[in-house]
Each structure stands twice: as C-alpha cells, then as structure tokens.
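Visitor: Sending over my_file_15.csv (CSV, C-alpha atoms and all ligand atoms).
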chain,number,residue,atom,x,y,z
Y,1,MET,CA,-11.6,-12.7,11.0
Y,2,ALA,CA,-10.6,-12.1,7.3
Y,3,ARG,CA,-9.3,-15.7,7.1
Y,4,ARG,CA,-12.7,-16.9,8.2
Y,5,ARG,CA,-14.8,-14.8,5.9
Y,6,VAL,CA,-13.0,-15.0,2.5
Y,7,PRO,CA,-11.9,-18.1,0.5
Y,8,GLN,CA,-8.3,-19.3,1.1
Y,9,ALA,CA,-7.2,-18.0,-2.3
Y,10,VAL,CA,-8.4,-14.5,-1.5
Y,11,PHE,CA,-7.0,-14.5,2.0
Y,12,ASP,CA,-3.6,-15.8,0.9
Y,13,TYR,CA,-3.5,-13.3,-2.0
Y,14,LEU,CA,-3.8,-10.6,0.7
Y,15,ASP,CA,-1.7,-12.1,3.4
Y,16,GLY,CA,1.1,-13.7,1.5
Y,17,GLY,CA,4.3,-12.5,0.0
Y,18,ALA,CA,6.9,-13.5,-2.6
Y,19,GLU,CA,8.9,-16.8,-2.6
Y,20,GLY,CA,10.1,-17.7,0.9
Y,21,GLU,CA,8.3,-14.7,2.4
Y,22,VAL,CA,11.6,-13.7,4.0
Y,23,THR,CA,11.0,-10.0,3.4
Y,24,LEU,CA,7.4,-10.2,4.3
Y,25,ARG,CA,8.3,-11.5,7.8
Y,26,GLU,CA,11.3,-9.2,8.1
Y,27,ASN,CA,9.1,-6.1,7.3
Y,28,CYS,CA,7.3,-6.7,10.6
Y,29,ARG,CA,10.2,-8.1,12.6
Y,30,ALA,CA,12.4,-5.1,11.9
Y,31,PHE,CA,10.2,-2.9,14.1
Y,32,GLU,CA,11.1,-5.1,17.0
Y,33,ASP,CA,14.7,-4.0,16.7
Y,34,VAL,CA,13.8,-0.4,17.4
Y,35,THR,CA,13.2,0.5,21.0
Y,36,PHE,CA,11.7,3.6,22.6
Y,37,ARG,CA,13.3,6.1,24.9
Y,38,PRO,CA,10.3,7.6,26.7
Y,39,ARG,CA,10.2,10.8,28.6
Y,40,HIS,CA,8.2,10.2,31.8
Y,41,ALA,CA,6.4,12.4,34.2
Y,42,VAL,CA,5.2,14.9,31.7
Y,43,SER,CA,1.6,15.9,31.5
Y,44,LEU,CA,-0.1,15.7,28.1
Y,45,SER,CA,-3.8,16.4,27.7
Y,46,ASP,CA,-4.3,16.0,24.0
Y,47,CYS,CA,-1.8,14.5,21.6
Y,48,ASP,CA,-1.8,16.0,18.2
Y,49,LEU,CA,-1.8,13.3,15.5
Y,50,ARG,CA,-1.9,15.7,12.5
Y,51,CYS,CA,0.6,15.6,9.8
Y,52,ARG,CA,1.3,17.5,6.5
Y,53,VAL,CA,2.0,15.5,3.4
Y,54,LEU,CA,2.5,17.1,0.0
Y,55,GLY,CA,0.9,20.3,1.3
Y,56,LEU,CA,-2.2,18.4,2.5
Y,57,ASP,CA,-3.3,18.6,6.1
Y,58,LEU,CA,-4.0,15.1,7.3
Y,59,SER,CA,-5.6,14.2,10.6
Y,60,LEU,CA,-3.4,11.1,10.9
Y,61,PRO,CA,0.2,10.2,9.9
Y,62,PHE,CA,-0.8,7.3,7.7
Y,63,LEU,CA,-2.5,7.0,4.3
Y,64,LEU,CA,-4.2,3.9,2.9
Y,65,ALA,CA,-1.8,2.2,0.4
Y,66,PRO,CA,-2.9,0.9,-3.0
Y,67,VAL,CA,-4.2,-2.7,-2.7
Y,68,GLY,CA,-5.0,-4.2,-6.0
Y,69,TYR,CA,-8.1,-6.3,-6.5
Y,70,SER,CA,-9.6,-4.9,-3.3
Y,71,ARG,CA,-13.1,-5.5,-4.7
Y,72,LEU,CA,-12.4,-9.3,-4.5
Y,73,MET,CA,-12.1,-8.9,-0.7
Y,74,HIS,CA,-15.4,-7.2,-0.4
Y,75,PRO,CA,-17.8,-5.6,-3.0
Y,76,GLY,CA,-17.3,-2.2,-1.5
Y,77,GLY,CA,-13.6,-2.5,-2.2
Y,78,GLU,CA,-11.8,0.6,-3.3
Y,79,VAL,CA,-14.8,2.9,-2.9
Y,80,ALA,CA,-15.2,1.8,0.8
Y,81,ALA,CA,-11.5,2.3,1.5
Y,82,ALA,CA,-11.5,5.8,0.0
Y,83,ARG,CA,-14.6,6.8,1.9
Y,84,GLU,CA,-13.2,5.6,5.2
Y,85,ALA,CA,-9.9,7.3,4.6
Y,86,GLY,CA,-11.8,10.5,3.9
Y,87,LYS,CA,-14.0,10.1,7.0
Y,88,ALA,CA,-10.8,9.7,9.1
Y,89,GLY,CA,-9.3,12.8,7.6
Y,90,THR,CA,-6.6,11.1,5.6
Y,91,GLY,CA,-5.7,10.1,2.1
Y,92,TYR,CA,-6.3,7.0,-0.1
Y,93,ILE,CA,-4.2,5.7,-2.9
Y,94,LEU,CA,-6.1,3.8,-5.6
Y,95,SER,CA,-4.3,1.0,-7.4
Y,96,THR,CA,-4.4,0.8,-11.2
Y,97,ILE,CA,-5.7,-2.8,-10.6
Y,98,SER,CA,-9.0,-1.5,-9.2
Y,99,GLY,CA,-12.4,-3.0,-9.5
Y,100,HIS,CA,-14.2,0.3,-9.3
Y,101,PRO,CA,-14.0,3.2,-11.8
Y,102,LEU,CA,-11.6,5.9,-10.5
Y,103,GLU,CA,-14.3,8.5,-10.8
Y,104,ASP,CA,-16.5,6.6,-8.3
Y,105,VAL,CA,-13.7,6.2,-5.9
Y,106,LYS,CA,-12.9,9.9,-5.9
Y,107,ALA,CA,-16.5,10.9,-5.6
Y,108,GLY,CA,-16.9,8.6,-2.6
Y,109,SER,CA,-14.3,10.2,-0.6
Y,110,SER,CA,-14.2,13.5,1.3
Y,111,GLY,CA,-10.4,13.3,1.5
Y,112,PRO,CA,-7.5,13.4,-1.0
Y,113,VAL,CA,-7.2,10.5,-3.3
Y,114,PHE,CA,-4.1,9.6,-5.3
Y,115,TYR,CA,-3.9,7.3,-8.3
Y,116,GLN,CA,-1.2,4.6,-8.3
Y,117,LEU,CA,0.0,4.1,-11.8
Y,118,TYR,CA,1.3,1.0,-13.6
Y,119,LEU,CA,1.9,1.2,-17.3
Y,120,MET,CA,0.0,-2.1,-17.9
Y,121,GLY,CA,-1.5,-1.7,-21.3
Y,122,GLY,CA,1.2,0.7,-22.5
Y,123,ARG,CA,1.4,4.5,-22.5
Y,124,ALA,CA,-1.9,5.0,-24.3
Y,125,ALA,CA,-3.9,3.2,-21.6
Y,126,ALA,CA,-1.9,5.1,-18.9
Y,127,GLU,CA,-2.4,8.5,-20.6
Y,128,ALA,CA,-6.2,7.9,-20.7
Y,129,ALA,CA,-6.2,7.0,-17.0
Y,130,ILE,CA,-4.0,10.1,-16.1
Y,131,GLU,CA,-6.4,12.3,-18.0
Y,132,ARG,CA,-9.4,10.8,-16.2
Y,133,ALA,CA,-7.6,11.2,-12.8
Y,134,ARG,CA,-6.9,14.8,-13.6
Y,135,ALA,CA,-10.6,15.5,-14.6
Y,136,ALA,CA,-11.8,13.7,-11.5
Y,137,GLY,CA,-9.6,15.8,-9.2
Y,138,PHE,CA,-7.0,13.3,-7.9
Y,139,ALA,CA,-4.5,14.9,-5.6
Y,140,GLY,CA,-1.4,13.2,-7.2
Y,141,LEU,CA,0.1,10.2,-8.9
Y,142,VAL,CA,2.0,7.4,-7.1
Y,143,VAL,CA,4.3,5.7,-9.6
Y,144,THR,CA,5.3,2.2,-8.4
Y,145,ILE,CA,8.7,1.3,-9.8
Y,146,ASP,CA,9.4,-2.1,-8.2
Y,147,THR,CA,7.1,-4.2,-10.4
Y,148,PRO,CA,8.9,-4.9,-13.7
Y,149,VAL,CA,7.3,-8.3,-13.4
Y,150,SER,CA,5.0,-9.6,-10.8
Y,151,GLY,CA,6.8,-11.3,-7.9
Y,152,ILE,CA,6.0,-15.0,-7.6
Y,153,ARG,CA,3.6,-15.6,-4.7
Y,154,GLU,CA,3.7,-19.3,-4.1
Y,155,ARG,CA,0.5,-19.4,-2.1
Y,156,ASP,CA,-1.3,-18.0,-5.1
Y,157,LYS,CA,0.1,-20.8,-7.2
Y,158,ARG,CA,-1.0,-23.5,-4.7
Y,159,ASN,CA,-4.5,-22.0,-4.4
Y,160,GLY,CA,-5.0,-21.8,-8.1
Y,161,MET,CA,-5.5,-18.1,-8.2
Y,162,LYS,CA,-4.8,-17.9,-11.9
Y,163,GLU,CA,-7.2,-20.7,-12.7
Y,164,LEU,CA,-9.9,-19.1,-10.5
Y,165,LEU,CA,-9.5,-15.8,-12.3
Y,166,SER,CA,-9.5,-17.4,-15.8
Y,167,GLY,CA,-12.7,-18.0,-17.7
Y,168,ASN,CA,-12.1,-21.8,-18.1
Y,169,VAL,CA,-14.5,-23.7,-15.9
Y,170,LEU,CA,-12.7,-27.0,-16.2
Y,171,GLU,CA,-9.4,-25.4,-14.9
Y,172,LYS,CA,-11.3,-23.8,-12.0
Y,173,LEU,CA,-13.0,-27.0,-10.9
Y,174,ARG,CA,-10.4,-28.4,-8.5
Y,175,TYR,CA,-10.0,-25.1,-6.8
Y,176,LEU,CA,-13.7,-24.5,-6.3
Y,177,PRO,CA,-14.2,-26.2,-2.9
Y,178,GLN,CA,-12.3,-23.4,-1.0
Y,179,VAL,CA,-14.7,-20.9,-2.6
Y,180,LEU,CA,-17.8,-22.9,-1.8
Y,181,ALA,CA,-16.6,-23.2,1.8
Y,182,ARG,CA,-17.2,-19.4,2.1
Y,183,PRO,CA,-20.9,-19.0,1.0
Y,184,GLY,CA,-21.3,-15.6,2.6
Y,185,TRP,CA,-18.4,-14.2,0.6
Y,186,LEU,CA,-19.6,-16.1,-2.5
Y,187,VAL,CA,-23.1,-14.6,-2.4
Y,188,GLY,CA,-21.7,-11.1,-2.1
Y,189,PHE,CA,-19.3,-11.7,-4.9
Y,190,LEU,CA,-22.0,-13.0,-7.3
Y,191,LEU,CA,-24.5,-10.3,-6.4
Y,192,ASP,CA,-21.7,-7.8,-7.2
Y,193,GLY,CA,-21.5,-9.2,-10.7
Y,194,GLY,CA,-18.6,-11.6,-10.2
Y,195,LEU,CA,-15.3,-11.0,-11.8
Y,196,ARG,CA,-15.1,-7.7,-13.7
Y,197,PRO,CA,-12.6,-6.4,-16.1
Y,198,LEU,CA,-10.5,-3.4,-14.9
Y,199,PRO,CA,-12.4,-0.2,-15.4
Y,200,ASN,CA,-9.3,2.0,-15.3
Y,201,VAL,CA,-7.1,0.1,-17.8
Y,202,ILE,CA,-8.8,0.7,-21.1
Y,203,LEU,CA,-6.9,-0.8,-24.0
Y,204,PRO,CA,-7.3,1.2,-27.1
Y,205,GLY,CA,-9.6,-0.6,-29.5
Y,206,THR,CA,-10.1,-3.5,-27.2
Y,207,GLY,CA,-11.7,-2.2,-24.0
Y,208,PRO,CA,-11.0,-2.9,-20.3
Y,209,MET,CA,-8.2,-5.4,-19.4
Y,210,THR,CA,-9.2,-8.6,-17.8
Y,211,LEU,CA,-7.8,-9.6,-14.4
Y,212,VAL,CA,-6.2,-12.8,-15.8
Y,213,ASP,CA,-4.1,-10.7,-18.2
Y,214,VAL,CA,-2.6,-8.5,-15.5
Y,215,ASN,CA,0.6,-10.5,-14.8
Y,216,ALA,CA,1.5,-10.7,-18.5
Y,217,ALA,CA,0.7,-7.1,-19.0
Y,218,LEU,CA,2.9,-6.1,-16.0
Y,219,ALA,CA,5.8,-8.1,-17.4
Y,220,SER,CA,5.8,-6.1,-20.6
Y,221,SER,CA,5.4,-2.7,-19.1
Y,222,ALA,CA,8.2,-2.1,-16.6
Y,223,VAL,CA,8.3,1.6,-15.5
Y,224,THR,CA,11.7,3.2,-16.2
Y,225,TRP,CA,13.1,6.6,-15.3
Y,226,ALA,CA,12.4,7.6,-18.9
Y,227,ASP,CA,8.7,6.7,-18.3
Y,228,LEU,CA,8.8,8.7,-15.1
Y,229,ARG,CA,9.9,11.8,-17.1
Y,230,TRP,CA,7.1,11.2,-19.6
Y,231,ILE,CA,4.6,10.9,-16.8
Y,232,ARG,CA,5.9,14.0,-15.1
Y,233,ASP,CA,5.6,16.0,-18.4
Y,234,GLY,CA,2.0,15.0,-18.7
Y,235,TRP,CA,0.9,15.4,-15.1
Y,236,ARG,CA,1.3,18.8,-13.5
Y,237,GLY,CA,0.5,17.7,-9.9
Y,238,PRO,CA,2.8,16.0,-7.4
Y,239,ILE,CA,4.3,12.6,-8.1
Y,240,VAL,CA,5.2,10.1,-5.4
Y,241,VAL,CA,7.7,7.4,-6.5
Y,242,LYS,CA,6.9,4.2,-4.6
Y,243,GLY,CA,9.4,1.3,-4.2
Y,244,ILE,CA,12.6,3.0,-3.3
Y,245,LEU,CA,15.1,0.8,-1.2
Y,246,THR,CA,18.4,2.5,-1.7
Y,247,GLY,CA,19.9,6.0,-1.3
Y,248,ASP,CA,20.9,5.9,-4.9
Y,249,ASP,CA,17.4,5.3,-6.2
Y,250,GLY,CA,16.1,7.9,-3.7
Y,251,ARG,CA,18.5,10.6,-5.2
Y,252,ARG,CA,17.5,9.5,-8.7
Y,253,ALA,CA,13.9,10.0,-7.9
Y,254,VAL,CA,14.7,13.5,-6.6
Y,255,ASP,CA,16.6,14.3,-9.9
Y,256,GLU,CA,13.6,13.0,-11.9
Y,257,GLY,CA,11.2,15.4,-10.2
Y,258,ALA,CA,9.5,13.3,-7.6
Y,259,ALA,CA,7.7,15.4,-4.9
Y,260,ALA,CA,7.9,12.5,-2.5
Y,261,ILE,CA,9.1,8.9,-2.3
Y,262,SER,CA,7.9,5.9,-0.5
Y,263,VAL,CA,10.6,3.6,0.9
Y,264,SER,CA,8.9,0.3,0.1
Y,265,ASN,CA,9.4,-3.3,-0.9
Y,266,HIS,CA,5.8,-3.7,-1.9
Y,267,GLY,CA,4.9,-5.4,1.4
Y,268,GLY,CA,7.4,-8.3,0.6
Y,269,ARG,CA,5.4,-9.2,-2.5
Y,270,GLN,CA,8.1,-8.5,-5.2
Y,271,LEU,CA,11.8,-9.3,-4.8
Y,272,ASP,CA,12.2,-11.5,-1.8
Y,273,CYS,CA,15.2,-11.1,0.5
Y,274,VAL,CA,15.5,-7.3,0.1
Y,275,PRO,CA,15.7,-5.5,3.5
Y,276,ALA,CA,12.8,-4.6,5.6
Y,277,ALA,CA,11.4,-1.2,4.5
Y,278,LEU,CA,12.1,0.2,8.0
Y,279,ARG,CA,15.7,-1.0,7.7
Y,280,ALA,CA,16.1,0.8,4.4
Y,281,LEU,CA,14.5,4.0,5.6
Y,282,PRO,CA,17.5,5.7,7.3
Y,283,GLU,CA,19.8,5.3,4.3
Y,284,VAL,CA,17.2,6.8,2.0
Y,285,VAL,CA,16.4,9.7,4.4
Y,286,ALA,CA,20.0,10.5,4.6
Y,287,ALA,CA,20.5,10.3,0.9
Y,288,VAL,CA,17.7,12.6,-0.1
Y,289,ASN,CA,18.7,15.1,2.6
Y,290,GLY,CA,15.3,16.8,3.0
Y,291,GLN,CA,14.8,17.5,-0.8
Y,292,VAL,CA,11.6,15.5,-0.9
Y,293,GLU,CA,9.2,14.1,1.6
Y,294,VAL,CA,9.9,10.5,2.5
Y,295,LEU,CA,7.1,8.1,3.2
Y,296,MET,CA,7.5,4.4,4.0
Y,297,ASP,CA,5.4,1.3,3.8
Y,298,GLY,CA,5.7,-2.3,4.8
Y,299,GLY,CA,5.0,-4.2,8.0
Y,300,ILE,CA,2.9,-1.5,9.7
Y,301,ARG,CA,0.5,-3.4,12.0
Y,302,ARG,CA,0.4,-1.1,15.1
Y,303,GLY,CA,0.6,2.5,16.1
Y,304,THR,CA,4.0,1.9,17.6
Y,305,ASP,CA,5.3,0.9,14.2
Y,306,ILE,CA,4.1,4.2,12.7
Y,307,VAL,CA,5.7,6.2,15.5
Y,308,LYS,CA,9.0,4.3,15.0
Y,309,ALA,CA,9.0,5.0,11.2
Y,310,ILE,CA,8.4,8.7,11.9
Y,311,CYS,CA,11.2,8.8,14.5
Y,312,LEU,CA,13.5,7.4,11.8
Y,313,GLY,CA,12.7,10.1,9.3
Y,314,ALA,CA,9.4,9.2,7.6
Y,315,ARG,CA,6.9,12.1,7.1
Y,316,ALA,CA,4.1,9.6,7.2
Y,317,VAL,CA,3.5,5.9,6.3
Y,318,LEU,CA,1.2,3.9,4.1
Y,319,CYS,CA,-0.7,1.0,5.5
Y,320,GLY,CA,-1.6,-1.9,3.3
Y,321,ARG,CA,-2.6,-5.1,4.9
Y,322,ALA,CA,-3.5,-3.4,8.2
Y,323,TYR,CA,-6.7,-2.0,6.6
Y,324,ALA,CA,-7.2,-4.7,3.9
Y,325,TYR,CA,-7.6,-7.4,6.6
Y,326,GLY,CA,-10.4,-5.2,7.9
Y,327,LEU,CA,-12.0,-4.9,4.5
Y,328,ALA,CA,-11.9,-8.7,4.0
Y,329,ALA,CA,-13.2,-9.3,7.5
Y,330,ALA,CA,-16.1,-6.9,7.6
Y,331,GLY,CA,-16.3,-4.6,4.5
Y,332,GLU,CA,-16.3,-0.9,5.1
Y,333,ALA,CA,-17.0,-1.3,8.9
Y,334,GLY,CA,-13.8,-3.4,9.1
Y,335,ILE,CA,-11.7,-0.6,7.5
Y,336,GLU,CA,-13.2,1.9,9.9
Y,337,ARG,CA,-12.3,-0.3,12.8
Y,338,ALA,CA,-8.8,-0.9,11.6
Y,339,ILE,CA,-8.2,2.9,11.3
Y,340,GLU,CA,-9.7,3.4,14.7
Y,341,ILE,CA,-7.3,0.8,16.2
Y,342,LEU,CA,-4.3,2.6,14.7
Y,343,ARG,CA,-5.6,6.0,15.8
Y,344,ALA,CA,-6.0,4.8,19.4
Y,345,ASP,CA,-2.6,3.2,19.3
Y,346,LEU,CA,-1.0,6.4,18.1
Y,347,ASP,CA,-2.6,8.5,20.8
Y,348,ARG,CA,-1.7,6.0,23.5
Y,349,THR,CA,1.9,5.6,22.3
Y,350,LEU,CA,2.5,9.4,22.2
Y,351,ARG,CA,1.2,9.7,25.7
Y,352,LEU,CA,3.3,6.9,27.0
Y,353,LEU,CA,6.3,8.3,25.2
Y,354,GLY,CA,5.8,11.7,26.7
Y,355,CYS,CA,5.6,13.4,23.2
Y,356,PRO,CA,2.9,15.9,22.5
Y,357,SER,CA,2.6,15.5,18.8
Y,358,ILE,CA,3.6,13.6,15.7
Y,359,SER,CA,5.5,16.6,14.4
Y,360,ALA,CA,7.7,16.6,17.6
Y,361,LEU,CA,8.9,13.0,17.1
Y,362,ASP,CA,12.5,12.5,16.2
Y,363,ARG,CA,15.5,10.2,16.6
Y,364,SER,CA,15.9,11.0,20.2
Y,365,TYR,CA,12.8,8.9,21.0
Y,366,VAL,CA,14.2,5.7,19.8
Y,367,THR,CA,17.3,3.5,19.9
Y,368,VAL,CA,18.4,1.4,16.9
Y,369,PRO,CA,20.7,-1.5,17.2
Y,370,LYS,CA,24.4,-0.9,16.5
Y,371,ARG,CA,24.4,-3.3,13.6
Y,372,TRP,CA,22.0,-1.1,11.7
Y,373,GLU,CA,24.2,0.9,9.3
Y,374,TRP,CA,23.3,4.5,8.3
Y,375,CYS,CA,21.7,5.3,11.6
D,401,LIG,C1,-3.1,-7.6,-1.6
D,401,LIG,C2,-2.2,-6.5,-2.0
D,401,LIG,C3,-2.2,-5.9,-3.2
D,401,LIG,C4,-1.3,-4.8,-3.5
D,401,LIG,N1,-1.5,-4.2,-4.7
D,401,LIG,C5,-0.6,-3.1,-5.0
D,401,LIG,C6,-0.8,-2.4,-6.2
D,401,LIG,O1,-1.7,-2.7,-7.0
D,401,LIG,N2,0.1,-1.4,-6.4
D,401,LIG,C7,1.0,-1.0,-5.5
D,401,LIG,O2,1.8,-0.1,-5.8
D,401,LIG,N3,1.2,-1.7,-4.4
D,401,LIG,C8,0.4,-2.7,-4.1
D,401,LIG,N4,0.5,-3.4,-2.9
D,401,LIG,C9,1.5,-3.0,-2.0
D,401,LIG,C10,1.0,-1.9,-1.0
D,401,LIG,O3,0.7,-0.7,-1.6
D,401,LIG,C11,2.0,-1.7,0.1
D,401,LIG,O4,3.3,-1.3,-0.5
D,401,LIG,C12,2.2,-2.8,1.1
D,401,LIG,O5,1.0,-3.5,1.3
D,401,LIG,C13,2.8,-2.4,2.4
D,401,LIG,O6,3.0,-3.5,3.2
D,401,LIG,P1,2.0,-3.9,4.4
D,401,LIG,O7,0.9,-4.6,3.7
D,401,LIG,O8,2.8,-4.7,5.3
D,401,LIG,O9,1.4,-2.6,5.0
D,401,LIG,C14,-0.4,-4.4,-2.6
D,401,LIG,C15,-0.3,-5.0,-1.3
D,401,LIG,C16,-1.2,-6.1,-1.0
D,401,LIG,C17,-1.2,-6.7,0.4
Can you present the structure in this file as structure tokens?
Guide:
Amino acid sequence: MARRRVPQAVFDYLDGGAEGEVTLRENCRAFEDVTFRPRHAVSLSDCDLRCRVLGLDLSLPFLLAPVGYSRLMHPGGEVAAAREAGKAGTGYILSTISGHPLEDVKAGSSGPVFYQLYLMGGRAAAEAAIERARAAGFAGLVVTIDTPVSGIRERDKRNGMKELLSGNVLEKLRYLPQVLARPGWLVGFLLDGGLRPLPNVILPGTGPMTLVDVNAALASSAVTWADLRWIRDGWRGPIVVKGILTGDDGRRAVDEGAAAISVSNHGGRQLDCVPAALRALPEVVAAVNGQVEVLMDGGIRRGTDIVKAICLGARAVLCGRAYAYGLAAAGEAGIERAIEILRADLDRTLRLLGCPSISALDRSYVTVPKRWEWC
C-alpha cells in the first residue's frame, strides 16, 4: 500500500538499503535460520506482552525506531508515530532528522519519547537540542554511532532524491513525473507546507538546517566515544547507544556509561555486508554479560521475529520499516494498524509456543543453526 501511495523516491528511501542491499536482505533472512521449540498441550488464557525497558513499563516488547524524514511519508510524520506508540503503551524514538519540533512530538504522546541524537551541525546545535529535549521531558537519548557518513543508497541516487530535495527547479525537472504520479500524496505534501528545514537542528547564527544539507553535515560530525562522554556529562538521564555490532563495541559502550545498547546495522542502510543484526545479537549479549539492557533492531517484520530476538537475549526490539510502511500507506491509521498486527502476532506466537509471557522467553524456546558462532 505504501508503494502505491507515495512517490517512488519516497518509497525507495524508506524501503531501500545501502549498496547491494546484502545486509538489508540478510536482516530479514536471518530470522528464518532460527526455529522454535514449542511446548504443546499447555493451557494459556492470557499471554502477558509487557516488558520493562530502562525502568519503564511498556505494554509491548517493541518501541518505534527513529525514522528520519518521516514527515515526507505523511504530514502527521513523527507526531503521529509518537502518538500511536503512546496509545499502544510503548515508546517512540524521535530522529534528529525530524520534520516536527521535538516539543510537539513529546506533547502528542502519552508514552515515553526518546531523542535520537546526531551531531549534525556540531556540538552547539546538539547542546541546544539536548536542552530542549530535557525541558520537554524526553525519557532518554539514543546516540547512533554507525553514521560517520551516510551510507550510499543507490535507489536514492537513481530516483534523484538529492535533486528533489534541492531548491533548484531545473535539477528537479526530470524526476518530477514520479511525484506527479502520486497526486494524493502531493496535495497532502503541499498543504503541509512542502519541504521544511529541520526544526530540531538549529545552527547558531544561521537557523534550522535544510534537508539537502544533511548528508554533508553527517559526514563532518561522526560521533566518537569522546563525544559520547561529552553527551553523558551534559545529559543526566539514560543513554542508549545504537549501532553496536560486535562484543568489543558493546563492552566499550558499557565502559562509557550507556544504560542500554541497540544491536543494529541501521536497517542495512549504512555499511553493507555487515552481519544481520539478529546474527550479531548473541555475541553482544554474551560480551556485555547483563551489565546493560540489550535491544536490537533490523529486519523485524512479524511478531515471530520479535519473539526470536528476545529468546536470543534482547530485552526488547525497535521496529523501523514495519511501522513506517504503515505511515506511508495510510498516515496515523496505518501506524495503528501496523502495531496491532505485531501485537496480535505476539499474542498468537506465545500461545502457539506454550509460553505465558514475554518475560518467560529464553534460549530454550529456539534452536539456532550450528554454524552460528557465539550461540
Ligand atoms: C527511512 C529510514 C530512516 C531512518 N532514519 C534514521 C535516523 O534518522 N536515525 C537513526 O538512528 N536510525 C534511522 N533509521 C534506522 C532505524 O532506526 C532502524 O535502525 C532500522 O529501521 C531497523 O531496521 P528495520 O527497518 O528493518 O526495522 C532509519 C531507517 C529508515 C528505514
């Protein structure tokens, strides 16, 4: 449905990955390697889907991941996603690359909202955003460490994403037919005010950063462990480090004061040919040895995927495309539907597995192939 409602450039931005999309495919495929060991003939009336993440009681074992430019998919964008997460009793993570002011996103949600931080625009811009996030009551920061430059997404190149975002009408021309082919989306986009600068990246003396400048800004603002220390010193709440793929980096994040980490390859959008996030999970879980909560994201499309990740040691997962397809397809109602599908999947899967609750899941409910190391 998303493919039919939004222009090709917007759909491919959401759906696509880096380079040959090997990791993008592998993120989903890896779940097929893990099989269940159900316990039959047990009677379960109600399965308990609750889960505790960073001291927060969530109704579901998944949060909505940061998805930059969500407002391009539908005008409701980040506000709609935060509101639906809150309604479902779970958390939302707002990307730095948001079309809505962080205060509006927080105010729209009845649940916990985290702010995902890039250092685009330098420390001064980040400091201002952190201060605003604190004042608005954000539950924590999520620092993404796998984006020292933006990965190359070849579909975006082919579709002229950069040209479409730029202010140059001549450059845009040859890419406009795909936009005109989706009049419903186009009307909504224009009524929403068209392309807006980023309200949460305010450059001192210049104002909000424009979308077309994002890639260059990312390339000059890699987050380092030293930056993480600086962020930790200025933010007294919990910090989640997102983008861990090895046990070494997991331990380093613990040493640098992370409260939680997310095992992630950015949904296959950054370095291609890194392992599937699920595949990296057991190594990281073993390395951090219970010192921090371990989340994971990448390739979650069904409730069975969430259950498998939890069996392999994740406290909870982050879903990206699974809800963003819903947003692109049908706005806020689409996110509500996506969450409902996952919730129903989870309930059914626990019943079929013979497991009463998310908190009772462990390795004994799955088998992993012998070729998987660290398991
Ligand atoms: C369109 C899109 C934009 C994204 N933007 C960001 C971002 O701004 N910051 C970030 O940390 N991760 C970003 N991500 C990565 C997600 O947070 C998450 O790691 C990824 O989507 C998980 O994979 P999945 O889509 O297979 O669930 C983005 C993902 C997508 C699909």
Visitor: Between Y:Ile93, Y:Ala139, Y:Ala277, Y:Ala80, which is the closest to Y:Leu64 once you count only C-alpha atoms?
Guide: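 Counting only C-alpha atoms, the residue closest to Y:Leu64 is Y:Ile93.
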Visitor: For ligand LIG 401 (chain D), which of Y:Lys172, Y:Arg301, Y:Arg155, Y:His74 is the closest residue, counting all atoms listed in the file?
Guide: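 Smallest distance to ligand LIG 401 (chain D) is found for Y:Arg301.
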Visitor: Which residues form the shell of 6 Å around ligand LIG 401 (chain D) when you count all atoms listed in the file, given as a PyMOL selection string?
Guide: chain Y and resi 13-14+65-68+95+97+144+264+266-267+297-300+319-322
Visitor: Using only C-alpha atoms, please write the residues we just selected to a file, as a CSV table (one decimal), keeping the file's coordinate frame.
Guide:
chain,number,residue,atom,x,y,z
Y,13,TYR,CA,-3.5,-13.3,-2.0
Y,14,LEU,CA,-3.8,-10.6,0.7
Y,65,ALA,CA,-1.8,2.2,0.4
Y,66,PRO,CA,-2.9,0.9,-3.0
Y,67,VAL,CA,-4.2,-2.7,-2.7
Y,68,GLY,CA,-5.0,-4.2,-6.0
Y,95,SER,CA,-4.3,1.0,-7.4
Y,97,ILE,CA,-5.7,-2.8,-10.6
Y,144,THR,CA,5.3,2.2,-8.4
Y,264,SER,CA,8.9,0.3,0.1
Y,266,HIS,CA,5.8,-3.7,-1.9
Y,267,GLY,CA,4.9,-5.4,1.4
Y,297,ASP,CA,5.4,1.3,3.8
Y,298,GLY,CA,5.7,-2.3,4.8
Y,299,GLY,CA,5.0,-4.2,8.0
Y,300,ILE,CA,2.9,-1.5,9.7
Y,319,CYS,CA,-0.7,1.0,5.5
Y,320,GLY,CA,-1.6,-1.9,3.3
Y,321,ARG,CA,-2.6,-5.1,4.9
Y,322,ALA,CA,-3.5,-3.4,8.2
Visitor: Provide the atom CA of Y:Gly99 to atom CA of Y:Gly86 distance in Å, to one decimal place.
Guide: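 Computing the Euclidean distance for atom CA of Y:Gly99 and atom CA of Y:Gly86 yields 19.0 Å.
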Visitor: Quick one: everything within 9 Å of Y:Trp185, counting all atoms listed in the file, minus sequence neighbours fewer than 3 positions away in the same chain. Send it as JSON, numbers by chain.
Guide: {"Y": [5, 6, 7, 73, 74, 179, 182, 188, 189, 190]}
Visitor: At a cut-off of 6 Å, using all atoms listed in the file, what residues contact stretch 217-234 of chain Y? Leave out same-chain residues fewer than 2 positions from it and give the result as an MDAnalysis selection string.
Guide: chainID Y and resid 119:120 145 148:149 214:215
Visitor: Calculated over all atoms listed in the file, which of the candidates Y:Ala330, Y:Val263, Y:Ala124, Y:Val105 has the smallest distance to Y:Gly205?
Guide: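 For Y:Gly205, the nearest of the given residues is Y:Ala124.
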Visitor: Between atom CA of Y:Glu256 and atom CA of Y:Ala280, what is the distance, to one decimal in Å?
Guide: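 Straight-line distance from atom CA of Y:Glu256 to atom CA of Y:Ala280 works out to 20.5 Å.
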Visitor: Which of these residues is nearest to Y:Phe138, using all atoms listed in the file: Y:Leu94, Y:Leu176, Y:Cys47, Y:Met161?
Guide: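 Distance minimum relative to Y:Phe138 lands on Y:Leu94.
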Visitor: Show which residues sit within 9 Å of Y:Glu171, as an mmCIF file with C-alpha atoms, in the coordinates of the input. Count only C-alpha atoms, and ignore same-chain residues fewer than 6 positions away.
Guide:
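Dumped to part.cif:
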data_model
loop_
_atom_site.group_PDB
_atom_site.id
_atom_site.type_symbol
_atom_site.label_atom_id
_atom_site.label_comp_id
_atom_site.auth_asym_id
_atom_site.auth_seq_id
_atom_site.Cartn_x
_atom_site.Cartn_y
_atom_site.Cartn_z
ATOM 1 C CA GLY Y 160 -5.000 -21.800 -8.100
ATOM 2 C CA GLU Y 163 -7.200 -20.700 -12.700
ATOM 3 C CA LEU Y 164 -9.900 -19.100 -10.500
#
Visitor: Using only C-alpha atoms, which residue out of Y:Glu340, Y:Glu19, Y:Asp255, Y:Asp156 lies closest to Y:Val292?
Guide: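 Once distances to Y:Val292 are computed over only C-alpha atoms, the minimum belongs to Y:Asp255.
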Visitor: Residues near Y:Arg196, anyone? I mean within 8 Å using only C-alpha atoms, not counting same-chain ones fewer than 2 positions away, as a ChimeraX atom specification.
Guide: /Y:99,193-194,198,210-211
